[in-house]
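Trainee: mmCIF, C-alpha atoms, saved as structure.cif, coming up:
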```cif
data_input
loop_
_atom_site.label_atom_id
_atom_site.label_comp_id
_atom_site.auth_asym_id
_atom_site.auth_seq_id
_atom_site.Cartn_x
_atom_site.Cartn_y
_atom_site.Cartn_z
CA MET A 1 13.94 79.36 30.75
CA GLU A 2 11.23 80.74 32.98
CA SER A 3 8.68 83.20 31.70
CA LEU A 4 9.54 86.79 32.55
CA ASN A 5 6.46 87.11 34.77
CA GLY A 6 5.20 83.56 34.90
CA ILE A 7 2.71 83.91 32.05
CA ASN A 8 3.00 81.40 29.24
CA ASN A 9 -0.01 82.35 27.13
CA HIS A 10 1.29 82.10 23.59
CA SER A 11 -1.37 83.61 21.37
CA SER A 12 -1.22 83.60 17.62
CA LEU A 13 -4.33 85.73 17.23
CA PRO A 14 -3.87 89.22 15.84
CA SER A 15 -4.86 92.12 18.01
CA THR A 16 -8.35 93.09 16.93
CA HIS A 17 -8.78 96.15 19.08
CA LYS A 18 -9.06 99.51 17.39
CA LYS A 19 -5.75 101.26 17.90
CA PRO A 20 -6.24 104.28 20.19
CA ASP A 21 -3.86 107.19 19.91
CA LEU A 22 -1.12 107.13 22.49
CA SER A 23 -0.03 110.44 23.97
CA ALA A 24 3.62 111.44 23.66
CA ALA A 25 4.14 110.69 27.35
CA SER A 26 2.48 107.29 26.98
CA ARG A 27 4.61 106.52 23.91
CA ASP A 28 7.77 107.48 25.82
CA ARG A 29 6.75 105.26 28.72
CA PHE A 30 5.97 102.39 26.33
CA LEU A 31 9.41 102.74 24.72
CA GLN A 32 10.96 102.77 28.21
CA GLY A 33 9.04 99.59 29.03
CA ILE A 34 10.30 97.89 25.90
CA THR A 35 13.86 98.94 26.75
CA VAL A 36 13.56 97.65 30.33
CA LEU A 37 12.07 94.34 29.19
CA LEU A 38 14.82 93.82 26.61
CA SER A 39 17.47 94.78 29.17
CA ARG A 40 16.30 91.85 31.29
CA TRP A 41 16.54 89.37 28.41
CA HIS A 42 19.55 87.21 29.20
CA GLY A 43 20.29 86.23 25.59
CA LEU A 44 20.36 89.84 24.42
CA GLN A 45 22.46 90.96 27.36
CA MET A 46 25.01 88.21 26.76
CA ALA A 47 25.29 89.32 23.12
CA VAL A 48 25.83 92.92 24.23
CA GLN A 49 28.29 92.15 27.02
CA ASN A 50 30.36 89.87 24.80
CA GLN A 51 30.06 92.24 21.83
CA TRP A 52 28.92 89.44 19.55
CA GLY A 53 27.52 92.09 17.24
CA GLY A 54 30.74 94.11 17.28
CA LEU A 55 31.83 97.14 19.27
CA ASP A 56 28.44 98.77 18.70
CA SER A 57 26.46 95.88 20.20
CA PHE A 58 24.90 98.14 22.84
CA GLN A 59 23.71 100.56 20.17
CA LYS A 60 22.29 97.61 18.23
CA SER A 61 20.34 96.54 21.32
CA GLN A 62 18.95 100.07 21.60
CA GLN A 63 18.04 99.97 17.92
CA LEU A 64 16.21 96.70 18.54
CA ALA A 65 14.10 98.44 21.20
CA ALA A 66 13.36 101.28 18.74
CA ASP A 67 12.49 98.76 16.00
CA VAL A 68 10.09 96.89 18.29
CA PHE A 69 8.48 100.18 19.31
CA SER A 70 8.07 101.20 15.66
CA TRP A 71 6.61 97.80 14.82
CA PHE A 72 3.91 98.25 17.44
CA ILE A 73 3.17 101.87 16.51
CA GLN A 74 3.14 101.38 12.73
CA SER A 75 1.60 97.92 12.35
CA LYS A 76 -2.15 97.52 12.17
CA ALA A 77 -2.26 93.81 13.00
CA HIS A 78 0.00 92.50 15.74
CA ARG A 79 0.72 88.79 15.46
CA VAL A 80 3.09 87.33 18.02
CA GLU A 81 4.74 85.25 15.28
CA ASP A 82 5.68 88.42 13.39
CA LEU A 83 7.22 89.91 16.51
CA GLU A 84 9.12 86.67 17.16
CA TYR A 85 10.46 86.85 13.61
CA LEU A 86 11.58 90.47 14.14
CA LEU A 87 13.39 89.55 17.37
CA HIS A 88 14.97 86.43 15.84
CA GLU A 89 16.20 88.23 12.72
CA SER A 90 17.58 91.17 14.71
CA MET A 91 19.44 88.89 17.08
CA LEU A 92 20.84 86.80 14.25
CA LEU A 93 21.70 89.50 11.72
CA SER A 94 22.67 92.43 13.98
CA LEU A 95 24.11 90.64 17.00
CA ASN A 96 25.28 87.36 15.43
CA THR A 97 23.33 85.45 18.07
CA GLU A 98 21.16 82.40 17.53
CA ILE A 99 18.63 82.05 20.35
CA GLU A 100 17.23 78.54 20.77
CA ASP A 101 16.16 78.51 24.42
CA GLY A 102 12.55 79.60 23.89
CA SER A 103 13.22 83.07 25.25
CA ILE A 104 12.34 84.81 21.97
CA GLU A 105 8.79 83.49 22.30
CA GLU A 106 8.64 84.52 25.96
CA VAL A 107 9.95 88.02 25.27
CA ALA A 108 7.56 88.44 22.33
CA GLU A 109 4.61 87.37 24.47
CA GLN A 110 5.58 89.80 27.22
CA LEU A 111 5.91 92.61 24.68
CA MET A 112 2.44 91.80 23.32
CA ILE A 113 1.00 91.88 26.85
CA MET A 114 2.75 95.17 27.56
CA HIS A 115 1.34 96.67 24.36
CA GLU A 116 -2.19 95.59 25.22
CA GLU A 117 -1.79 97.09 28.68
CA TYR A 118 -0.69 100.39 27.20
CA LEU A 119 -3.62 100.38 24.84
CA HIS A 120 -5.90 99.89 27.83
CA VAL A 121 -4.05 102.42 30.02
CA ASN A 122 -2.84 99.69 32.33
CA HIS A 123 0.84 100.02 33.18
CA GLN A 124 1.21 97.04 35.52
CA THR A 125 3.95 95.40 33.46
CA ASN A 126 6.15 98.46 33.99
CA GLN A 127 5.90 98.81 37.76
CA ILE A 128 9.69 98.50 37.83
CA LEU A 129 9.93 101.89 36.14
CA ASP A 130 8.02 103.49 39.00
CA VAL A 131 10.57 102.12 41.48
CA VAL A 132 13.53 103.20 39.31
CA GLU A 133 12.16 106.74 38.92
CA GLU A 134 11.70 107.29 42.70
#
```
Hey, can you dump this file as structure tokens for me?
Mentor:
Amino acid sequence: MESLNGINNHSSLPSTHKKPDLSAASRDRFLQGITVLLSRWHGLQMAVQNQWGGLDSFQKSQQLAADVFSWFIQSKAHRVEDLEYLLHESMLLSLNTEIEDGSIEEVAEQLMIMHEEYLHVNHQTNQILDVVEE
């Protein structure tokens, strides 16, 4: 599977930047970005559309977005492997879906990039939201 934006930089280094406070508006936009990114993940969308996690599969996908957001906000060190584990476990345990196509790693990397951009007030990853909101 292709990278979501063509970047294949898999980093296992923890984020060492001091965590700046995100405003409420920035946090909302970050959560929106996570939700949009996950909504474009084919494996997750197949699980939701086919209700592999039950009738509440859509709600479980929304909970996954909230869990990822919380992980970024509450964690001090952000290792891509930890995020991959969170995504894998959520897909397997909540949505009964085993993902083996490499997309978990791609999605995790894109989420890490998005988080760094938000920390540096750079919202390029979420340009799609600007188009949707117009």
Trainee: What gap, in Å, lies between CA of Ala108 (chain A) and CA of Leu83 (chain A)?
Mentor: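 Going from CA of Ala108 (chain A) over to CA of Leu83 (chain A), I get 6.0 Å.
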Trainee: Ranking A:Leu55, A:Ile113, A:Val48, A:Val107 by minimum distance to Phe30 (chain A) and counting all atoms listed in the file, which one comes first?
Mentor: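 Ranked by minimum distance to Phe30 (chain A), first place goes to A:Ile113.
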Trainee: Give me the result of the PyMOL selection byres ((chain A and resi 43-47) around 8) on this file, residue by residue, as a PyMOL selection string.
Mentor: chain A and resi 38-42+48-53+57+61+91+95-97+99+103
Trainee: Of the candidates A:Val80, A:Gly33, A:Ser94, A:Ile104, which one gets nearest to Gln63 (chain A) if we count only C-alpha atoms?
Mentor: A:Ser94
Trainee: Could you write out as a list in words the residues that the PyMOL selection byres ((chain A and resi 81) around 9) matches in the shown file?
Mentor: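 After applying the PyMOL selection byres ((chain A and resi 81) around 9), what remains is Ser11, Ser12, His78, Arg79, Val80, Asp82, Leu83, Glu84, Tyr85, Leu86, Glu105 and Ala108 of chain A.
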Trainee: Output region 37-48 of chain A as an mmCIF file, in the coordinates of the input, making sure all heavy atoms are there.
Mentor:
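After the write, out_7.cif holds the following:
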```
data_model
loop_
_atom_site.group_PDB
_atom_site.id
_atom_site.type_symbol
_atom_site.label_atom_id
_atom_site.label_comp_id
_atom_site.auth_asym_id
_atom_site.auth_seq_id
_atom_site.Cartn_x
_atom_site.Cartn_y
_atom_site.Cartn_z
ATOM 1 N N LEU A 37 12.321 95.767 29.423
ATOM 2 C CA LEU A 37 12.070 94.340 29.190
ATOM 3 C C LEU A 37 13.233 93.711 28.426
ATOM 4 O O LEU A 37 13.733 92.644 28.813
ATOM 5 C CB LEU A 37 10.760 94.150 28.424
ATOM 6 C CG LEU A 37 10.349 92.702 28.176
ATOM 7 C CD1 LEU A 37 10.023 92.014 29.487
ATOM 8 C CD2 LEU A 37 9.163 92.649 27.253
ATOM 9 N N LEU A 38 13.699 94.358 27.376
ATOM 10 C CA LEU A 38 14.820 93.820 26.610
ATOM 11 C C LEU A 38 16.106 93.790 27.438
ATOM 12 O O LEU A 38 16.928 92.892 27.273
ATOM 13 C CB LEU A 38 15.022 94.605 25.318
ATOM 14 C CG LEU A 38 13.903 94.471 24.280
ATOM 15 C CD1 LEU A 38 14.213 95.317 23.047
ATOM 16 C CD2 LEU A 38 13.648 93.025 23.891
ATOM 17 N N SER A 39 16.264 94.754 28.340
ATOM 18 C CA SER A 39 17.470 94.780 29.170
ATOM 19 C C SER A 39 17.514 93.622 30.159
ATOM 20 O O SER A 39 18.571 93.298 30.694
ATOM 21 C CB SER A 39 17.591 96.112 29.924
ATOM 22 O OG SER A 39 16.681 96.161 31.008
ATOM 23 N N ARG A 40 16.376 93.003 30.380
ATOM 24 C CA ARG A 40 16.300 91.850 31.290
ATOM 25 C C ARG A 40 16.359 90.521 30.545
ATOM 26 O O ARG A 40 16.308 89.463 31.170
ATOM 27 C CB ARG A 40 15.035 91.927 32.123
ATOM 28 C CG ARG A 40 15.067 93.105 33.058
ATOM 29 C CD ARG A 40 13.751 93.291 33.759
ATOM 30 N NE ARG A 40 13.857 94.409 34.663
ATOM 31 C CZ ARG A 40 14.064 94.284 35.975
ATOM 32 N NH1 ARG A 40 14.136 93.107 36.520
ATOM 33 N NH2 ARG A 40 14.172 95.361 36.726
ATOM 34 N N TRP A 41 16.460 90.573 29.234
ATOM 35 C CA TRP A 41 16.540 89.370 28.410
ATOM 36 C C TRP A 41 17.981 88.886 28.407
ATOM 37 O O TRP A 41 18.871 89.517 27.846
ATOM 38 C CB TRP A 41 16.046 89.696 27.010
ATOM 39 C CG TRP A 41 16.006 88.546 26.051
ATOM 40 C CD1 TRP A 41 16.135 87.211 26.332
ATOM 41 C CD2 TRP A 41 15.826 88.642 24.643
ATOM 42 N NE1 TRP A 41 16.039 86.478 25.181
ATOM 43 C CE2 TRP A 41 15.851 87.325 24.132
ATOM 44 C CE3 TRP A 41 15.645 89.709 23.761
ATOM 45 C CZ2 TRP A 41 15.710 87.057 22.786
ATOM 46 C CZ3 TRP A 41 15.502 89.439 22.432
ATOM 47 C CH2 TRP A 41 15.525 88.127 21.948
ATOM 48 N N HIS A 42 18.203 87.745 29.015
ATOM 49 C CA HIS A 42 19.550 87.210 29.200
ATOM 50 C C HIS A 42 20.296 87.026 27.879
ATOM 51 O O HIS A 42 21.474 87.386 27.768
ATOM 52 C CB HIS A 42 19.482 85.894 29.980
ATOM 53 C CG HIS A 42 20.811 85.298 30.274
ATOM 54 N ND1 HIS A 42 21.699 85.854 31.170
ATOM 55 C CD2 HIS A 42 21.423 84.205 29.762
ATOM 56 C CE1 HIS A 42 22.797 85.122 31.202
ATOM 57 N NE2 HIS A 42 22.656 84.110 30.363
ATOM 58 N N GLY A 43 19.639 86.473 26.883
ATOM 59 C CA GLY A 43 20.290 86.230 25.590
ATOM 60 C C GLY A 43 20.784 87.518 24.949
ATOM 61 O O GLY A 43 21.907 87.578 24.430
ATOM 62 N N LEU A 44 19.968 88.550 24.980
ATOM 63 C CA LEU A 44 20.360 89.840 24.420
ATOM 64 C C LEU A 44 21.503 90.451 25.220
ATOM 65 O O LEU A 44 22.474 90.960 24.643
ATOM 66 C CB LEU A 44 19.165 90.796 24.378
ATOM 67 C CG LEU A 44 19.450 92.218 23.904
ATOM 68 C CD1 LEU A 44 20.031 92.233 22.490
ATOM 69 C CD2 LEU A 44 18.178 93.060 23.982
ATOM 70 N N GLN A 45 21.413 90.370 26.533
ATOM 71 C CA GLN A 45 22.460 90.960 27.360
ATOM 72 C C GLN A 45 23.801 90.247 27.208
ATOM 73 O O GLN A 45 24.852 90.885 27.237
ATOM 74 C CB GLN A 45 22.022 91.023 28.829
ATOM 75 C CG GLN A 45 20.890 92.014 29.038
ATOM 76 C CD GLN A 45 21.120 93.328 28.311
ATOM 77 O OE1 GLN A 45 22.139 93.994 28.496
ATOM 78 N NE2 GLN A 45 20.178 93.713 27.454
ATOM 79 N N MET A 46 23.767 88.932 27.015
ATOM 80 C CA MET A 46 25.010 88.210 26.760
ATOM 81 C C MET A 46 25.633 88.675 25.447
ATOM 82 O O MET A 46 26.850 88.862 25.355
ATOM 83 C CB MET A 46 24.774 86.706 26.730
ATOM 84 C CG MET A 46 24.581 86.118 28.104
ATOM 85 S SD MET A 46 24.708 84.324 28.129
ATOM 86 C CE MET A 46 26.274 84.027 27.365
ATOM 87 N N ALA A 47 24.799 88.858 24.421
ATOM 88 C CA ALA A 47 25.290 89.320 23.120
ATOM 89 C C ALA A 47 25.921 90.708 23.240
ATOM 90 O O ALA A 47 26.964 90.976 22.644
ATOM 91 C CB ALA A 47 24.152 89.337 22.095
ATOM 92 N N VAL A 48 25.301 91.567 24.040
ATOM 93 C CA VAL A 48 25.830 92.920 24.230
ATOM 94 C C VAL A 48 27.123 92.888 25.029
ATOM 95 O O VAL A 48 28.136 93.474 24.626
ATOM 96 C CB VAL A 48 24.774 93.827 24.917
ATOM 97 C CG1 VAL A 48 25.381 95.151 25.356
ATOM 98 C CG2 VAL A 48 23.589 94.062 23.982
#
```
